[in-house]
Each structure stands twice: as C-alpha cells, then as structure tokens.
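Asker: My structure is stored as structure-v4.json, with JSON, C-alpha atoms.
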```
[["chain", "number", "residue", "atom", "x", "y", "z"],
["A", 2, "MET", "CA", 67.51, 75.87, 97.91],
["A", 3, "LEU", "CA", 67.54, 76.96, 94.29],
["A", 4, "VAL", "CA", 70.76, 76.49, 92.35],
["A", 5, "GLY", "CA", 71.94, 79.83, 90.98],
["A", 6, "LEU", "CA", 70.48, 82.07, 93.67],
["A", 7, "ALA", "CA", 72.97, 84.04, 95.66],
["A", 8, "ALA", "CA", 73.56, 82.66, 99.13],
["A", 9, "GLY", "CA", 71.75, 84.47, 101.89],
["A", 10, "THR", "CA", 68.89, 85.86, 99.81],
["A", 11, "GLY", "CA", 66.35, 83.86, 101.80],
["A", 12, "VAL", "CA", 64.09, 83.44, 98.77],
["A", 13, "GLY", "CA", 62.63, 79.98, 98.35],
["A", 14, "LEU", "CA", 60.29, 78.67, 95.66],
["A", 15, "ALA", "CA", 57.26, 78.82, 97.95],
["A", 16, "GLU", "CA", 58.03, 82.43, 98.94],
["A", 17, "ALA", "CA", 58.60, 83.75, 95.42],
["A", 18, "LYS", "CA", 56.32, 86.49, 94.18],
["A", 19, "PRO", "CA", 56.40, 87.89, 90.65],
["A", 20, "ILE", "CA", 57.96, 91.33, 90.27],
["A", 21, "VAL", "CA", 56.53, 93.62, 87.60],
["A", 22, "LEU", "CA", 59.19, 95.81, 86.01],
["A", 23, "SER", "CA", 59.21, 98.00, 82.95],
["A", 24, "PRO", "CA", 60.87, 96.33, 79.95],
["A", 25, "LEU", "CA", 63.77, 94.29, 81.27],
["A", 26, "GLN", "CA", 65.02, 96.57, 83.99],
["A", 27, "GLU", "CA", 67.74, 94.85, 85.96],
["A", 28, "ARG", "CA", 67.25, 94.93, 89.72],
["A", 29, "GLY", "CA", 68.61, 91.79, 91.24],
["A", 30, "THR", "CA", 71.54, 89.55, 91.91],
["A", 31, "VAL", "CA", 74.06, 89.55, 89.07],
["A", 32, "LEU", "CA", 75.87, 86.23, 88.97],
["A", 33, "ALA", "CA", 79.66, 86.34, 88.67],
["A", 34, "HIS", "CA", 79.54, 83.38, 86.29],
["A", 35, "PRO", "CA", 76.41, 83.35, 84.12],
["A", 36, "VAL", "CA", 74.59, 80.17, 85.14],
["A", 37, "LEU", "CA", 70.90, 79.59, 84.56],
["A", 38, "PRO", "CA", 69.28, 78.08, 87.68],
["A", 39, "LEU", "CA", 68.31, 74.42, 87.66],
["A", 40, "SER", "CA", 64.58, 75.20, 87.85],
["A", 41, "PHE", "CA", 64.75, 76.92, 84.42],
["A", 42, "ARG", "CA", 66.65, 74.15, 82.66],
["A", 43, "GLY", "CA", 65.19, 71.55, 80.35],
["A", 44, "ARG", "CA", 63.19, 71.20, 77.19],
["A", 45, "TRP", "CA", 60.09, 73.37, 76.84],
["A", 46, "SER", "CA", 57.38, 73.36, 74.17],
["A", 47, "VAL", "CA", 54.61, 75.78, 73.16],
["A", 48, "ASP", "CA", 52.21, 72.82, 73.04],
["A", 49, "ALA", "CA", 52.81, 70.12, 75.66],
["A", 50, "ARG", "CA", 51.79, 67.47, 73.09],
["A", 51, "ASP", "CA", 54.83, 68.45, 71.00],
["A", 52, "CYS", "CA", 57.14, 67.23, 73.75],
["A", 53, "ARG", "CA", 56.87, 63.78, 72.19],
["A", 54, "THR", "CA", 58.44, 64.92, 68.91],
["A", 55, "ALA", "CA", 62.10, 64.65, 67.99],
["A", 56, "PRO", "CA", 64.41, 66.84, 70.05],
["A", 57, "ILE", "CA", 64.01, 70.54, 69.47],
["A", 58, "GLU", "CA", 61.38, 71.53, 66.96],
["A", 59, "ASP", "CA", 60.56, 75.09, 65.93],
["A", 60, "THR", "CA", 57.97, 75.34, 68.73],
["A", 61, "GLN", "CA", 60.45, 74.39, 71.43],
["A", 62, "VAL", "CA", 63.28, 75.88, 73.46],
["A", 63, "TRP", "CA", 66.07, 74.06, 75.31],
["A", 64, "VAL", "CA", 67.52, 75.78, 78.40],
["A", 65, "THR", "CA", 70.87, 74.53, 79.75],
["A", 66, "SER", "CA", 73.13, 75.79, 82.51],
["A", 67, "ASN", "CA", 74.64, 78.38, 80.16],
["A", 68, "SER", "CA", 72.42, 78.69, 77.08],
["A", 69, "VAL", "CA", 68.94, 79.24, 75.67],
["A", 70, "ASN", "CA", 68.54, 77.41, 72.35],
["A", 71, "TYR", "CA", 65.78, 77.56, 69.79],
["A", 72, "TYR", "CA", 65.28, 75.61, 66.58],
["A", 73, "GLU", "CA", 67.76, 77.69, 64.53],
["A", 74, "THR", "CA", 69.16, 80.05, 67.16],
["A", 75, "ASN", "CA", 71.69, 79.20, 69.85],
["A", 76, "GLY", "CA", 72.21, 81.72, 72.65],
["A", 77, "HIS", "CA", 75.15, 81.52, 75.06],
["A", 78, "ALA", "CA", 74.54, 83.30, 78.40],
["A", 79, "VAL", "CA", 76.96, 86.16, 78.98],
["A", 80, "ARG", "CA", 75.04, 87.78, 81.88],
["A", 81, "VAL", "CA", 72.36, 86.48, 84.25],
["A", 82, "VAL", "CA", 70.45, 88.69, 86.68],
["A", 83, "ILE", "CA", 68.31, 86.80, 89.19],
["A", 84, "GLU", "CA", 65.23, 88.82, 90.16],
["A", 85, "ASN", "CA", 63.75, 86.09, 92.36],
["A", 86, "SER", "CA", 63.46, 82.30, 92.30],
["A", 87, "ARG", "CA", 61.01, 82.41, 89.37],
["A", 88, "ARG", "CA", 62.26, 85.35, 87.31],
["A", 89, "LEU", "CA", 65.56, 86.29, 85.68],
["A", 90, "VAL", "CA", 66.95, 88.42, 82.88],
["A", 91, "VAL", "CA", 69.59, 86.83, 80.66],
["A", 92, "THR", "CA", 71.81, 88.48, 78.08],
["A", 93, "LEU", "CA", 72.68, 86.06, 75.30],
["A", 94, "LYS", "CA", 75.34, 86.07, 72.63],
["A", 95, "SER", "CA", 73.27, 84.42, 69.92],
["A", 96, "GLU", "CA", 73.91, 82.92, 66.53],
["A", 97, "ASN", "CA", 71.41, 82.27, 63.76],
["A", 98, "GLU", "CA", 72.42, 81.15, 60.26],
["A", 99, "GLY", "CA", 75.93, 82.60, 60.59],
["A", 100, "THR", "CA", 74.84, 85.92, 62.05],
["A", 101, "THR", "CA", 75.93, 86.76, 65.61],
["A", 102, "PHE", "CA", 73.95, 89.19, 67.75],
["A", 103, "GLN", "CA", 73.20, 90.01, 71.37],
["A", 104, "ALA", "CA", 69.74, 89.48, 72.82],
["A", 105, "LYS", "CA", 68.28, 90.15, 76.24],
["A", 106, "LYS", "CA", 65.37, 88.04, 77.45],
["A", 107, "GLU", "CA", 63.27, 87.80, 80.57],
["A", 108, "LEU", "CA", 62.50, 84.24, 81.70],
["A", 109, "SER", "CA", 59.64, 83.73, 84.15],
["A", 110, "LEU", "CA", 58.41, 80.47, 85.68],
["A", 111, "SER", "CA", 54.86, 79.78, 86.80],
["A", 112, "SER", "CA", 54.32, 79.16, 90.51],
["A", 113, "ASP", "CA", 54.17, 75.38, 89.94],
["A", 114, "LEU", "CA", 57.26, 75.52, 87.65],
["A", 115, "SER", "CA", 55.32, 73.87, 84.79],
["A", 116, "THR", "CA", 55.43, 76.79, 82.35],
["A", 117, "LEU", "CA", 58.15, 79.18, 81.23],
["A", 118, "THR", "CA", 57.38, 82.55, 79.67],
["A", 119, "ILE", "CA", 60.11, 84.22, 77.63],
["A", 120, "ARG", "CA", 59.77, 87.92, 76.84],
["A", 121, "ASP", "CA", 62.00, 89.70, 74.32],
["A", 122, "GLU", "CA", 64.02, 92.80, 75.18],
["A", 123, "ASP", "CA", 62.14, 95.04, 72.78],
["A", 124, "ASP", "CA", 58.84, 93.79, 74.27],
["A", 125, "THR", "CA", 57.65, 92.77, 70.80],
["A", 126, "GLY", "CA", 56.38, 89.50, 72.07],
["A", 127, "LYS", "CA", 56.35, 86.84, 74.69],
["A", 128, "THR", "CA", 55.93, 83.10, 74.39],
["A", 129, "THR", "CA", 54.80, 80.63, 77.02],
["A", 130, "PHE", "CA", 56.26, 77.14, 76.94],
["A", 131, "HIS", "CA", 55.24, 73.97, 78.80],
["A", 132, "ARG", "CA", 57.88, 71.89, 80.55],
["A", 133, "CYS", "CA", 58.63, 68.63, 78.77],
["A", 134, "ARG", "CA", 59.28, 65.63, 80.97],
["A", 135, "PRO", "CA", 62.85, 64.35, 80.85],
["A", 136, "GLU", "CA", 63.27, 61.56, 78.37],
["A", 137, "ARG", "CA", 64.05, 58.20, 79.89],
["A", 138, "GLY", "CA", 66.80, 56.23, 78.28],
["A", 139, "PRO", "CA", 67.93, 52.67, 78.93],
["A", 140, "SER", "CA", 70.42, 53.77, 81.59],
["A", 141, "SER", "CA", 67.73, 55.62, 83.60],
["A", 142, "ASP", "CA", 65.81, 52.38, 84.09],
["A", 143, "ARG", "CA", 68.70, 50.68, 85.87],
["A", 144, "ARG", "CA", 68.83, 50.50, 89.67]]
```
Show this structure as structure tokens.
Answerer:
Amino acid sequence: MLVGLAAGTGVGLAEAKPIVLSPLQERGTVLAHPVLPLSFRGRWSVDARDCRTAPIEDTQVWVTSNSVNYYETNGHAVRVVIENSRRLVVTLKSENEGTTFQAKKELSLSSDLSTLTIRDEDDTGKTTFHRCRPERGPSSDRR
C-alpha cells in the first residue's frame, strides 16, 4: 500500500500506468491534508554521482511529506492531487530570496521508483532526478 493514496483506489505500484494529460490537468484524488506520498520523498539529484556531495546542491531537490525544496527555493505543499501511484500534481507556496509565489508542479516516478521527473506548470521545462540513497549515520548502524 502506498502512503498518501486514498483508501479503496486499488492502485498498487505494480499496477500503475502513466497517464498522459495536457499541461497539469487535475483528474485524481485530492488529499484533504496535502501530504506527499512516501515513494516520492527523499533527496534526488540530476546526476546520481552528485548524491555524495553535501546536502542539497543546486542540482538536487529534497522532497518531504509536505514540501519540495530546491537549492534556493522552498515550496510548502498547499494542494496535492494523486493521479496514480507514480504521478501527482502539487501546488506549492514557494519562497525564493524573500519573494513568495505559488507554483504548480507535476511529479512522476519511473516504474522502478529510481527517478523522479518534475515538470513545471507552464510546461517550460522538466527535469529528471535520480534517487539518492539515504545517508547512514551512527545511529542507523546500531541493532
């Protein structure tokens, strides 16, 4: 079961099929509380080799339960529409260098969940990121 999907949808990761929509149409399950599903969360990098650099560089994005954060832009989720287990549209209240604005983005996962593609609302561009492995700290080595 995928965290964040509405109960009773019957959509599992193995059954998910991409849906092609015109620029960011919303046709899905709108979550009452905007939460990004667990499968989308984590640190992502344009180049997988950059995952070894210090946390969040300008080629990386960090997705949490309620935000999408870039190097100099932090976006708090105000609306999440789940299209299927691998695709969602999120509306973000974003801040960059003191300026606040709203942005809508489509987030799509590859079938093996190893890459995340983010497409902008105005369809001016899309970027594909590779999933970074979680960093292991001293406490994660304990049994």
Asker: Which value, in Å to one decimal, gives the distance between atom CA of A:Arg80 and atom CA of A:Thr116?
Answerer: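 Between these atoms lies a distance of 22.5 Å.
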Asker: Ranking A:Thr60, A:Val47, A:Ser95, A:Arg88 by minimum distance to A:Glu107 and counting all atoms listed in the file, which one comes first?
Answerer: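 Going through A:Thr60, A:Val47, A:Ser95, A:Arg88 one by one, the smallest distance to A:Glu107 is for A:Arg88.
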Asker: Point out the residue among A:Leu39, A:Ala78, A:Asp48, A:Val90 with the least atom-to-atom distance to A:Thr128, counting all atoms listed in the file.
Answerer: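 Of all the options, A:Asp48 lies closest to A:Thr128.
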Asker: Can you work out the spacing between atom CA of A:Leu114 and atom CA of A:Glu96 in Å, to one decimal?
Answerer: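 Separating atom CA of A:Leu114 from atom CA of A:Glu96 is a distance of 27.9 Å.
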Asker: With only C-alpha atoms counted, which protein, DNA or RNA residues have an atom no more than 12 Å from (69.0, 73.8, 76.6) in the file frame? Please answer as a PyMOL selection string.
Answerer: chain A and resi 37-39+41-46+56-57+61-72+74-78+132-133
Asker: Please, what distance in Å, to one decimal, runs between atom CA of A:Gly99 and atom CA of A:Val31?
Answerer: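 Between atom CA of A:Gly99 and atom CA of A:Val31 the gap is 29.4 Å.
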Asker: Here is a test: counting all atoms listed in the file, which residue of A:Ser111, A:Ile119, A:Thr125, A:Thr54 is nearest to A:Ser86?
Answerer: A:Ser111
Asker: Using all atoms listed in the file, pick whichever of A:Ser115, A:Val81, A:Glu122, A:Phe130 has the shortest atom-to-atom distance to A:Pro35.
Answerer: A:Val81
Asker: Have a look at A:Leu110, A:Asp121, A:Ala49, A:Ser40 and name the one nearest to A:Leu93; count all atoms listed in the file.
Answerer: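 That would be A:Asp121, the residue with the smallest distance to A:Leu93.
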Asker: Using all atoms listed in the file, pick whichever of A:Asp59, A:Lys127, A:Thr92, A:Arg50 has the shortest atom-to-atom distance to A:Val36.
Answerer: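 Checking each candidate against A:Val36, we get A:Thr92 as the closest.
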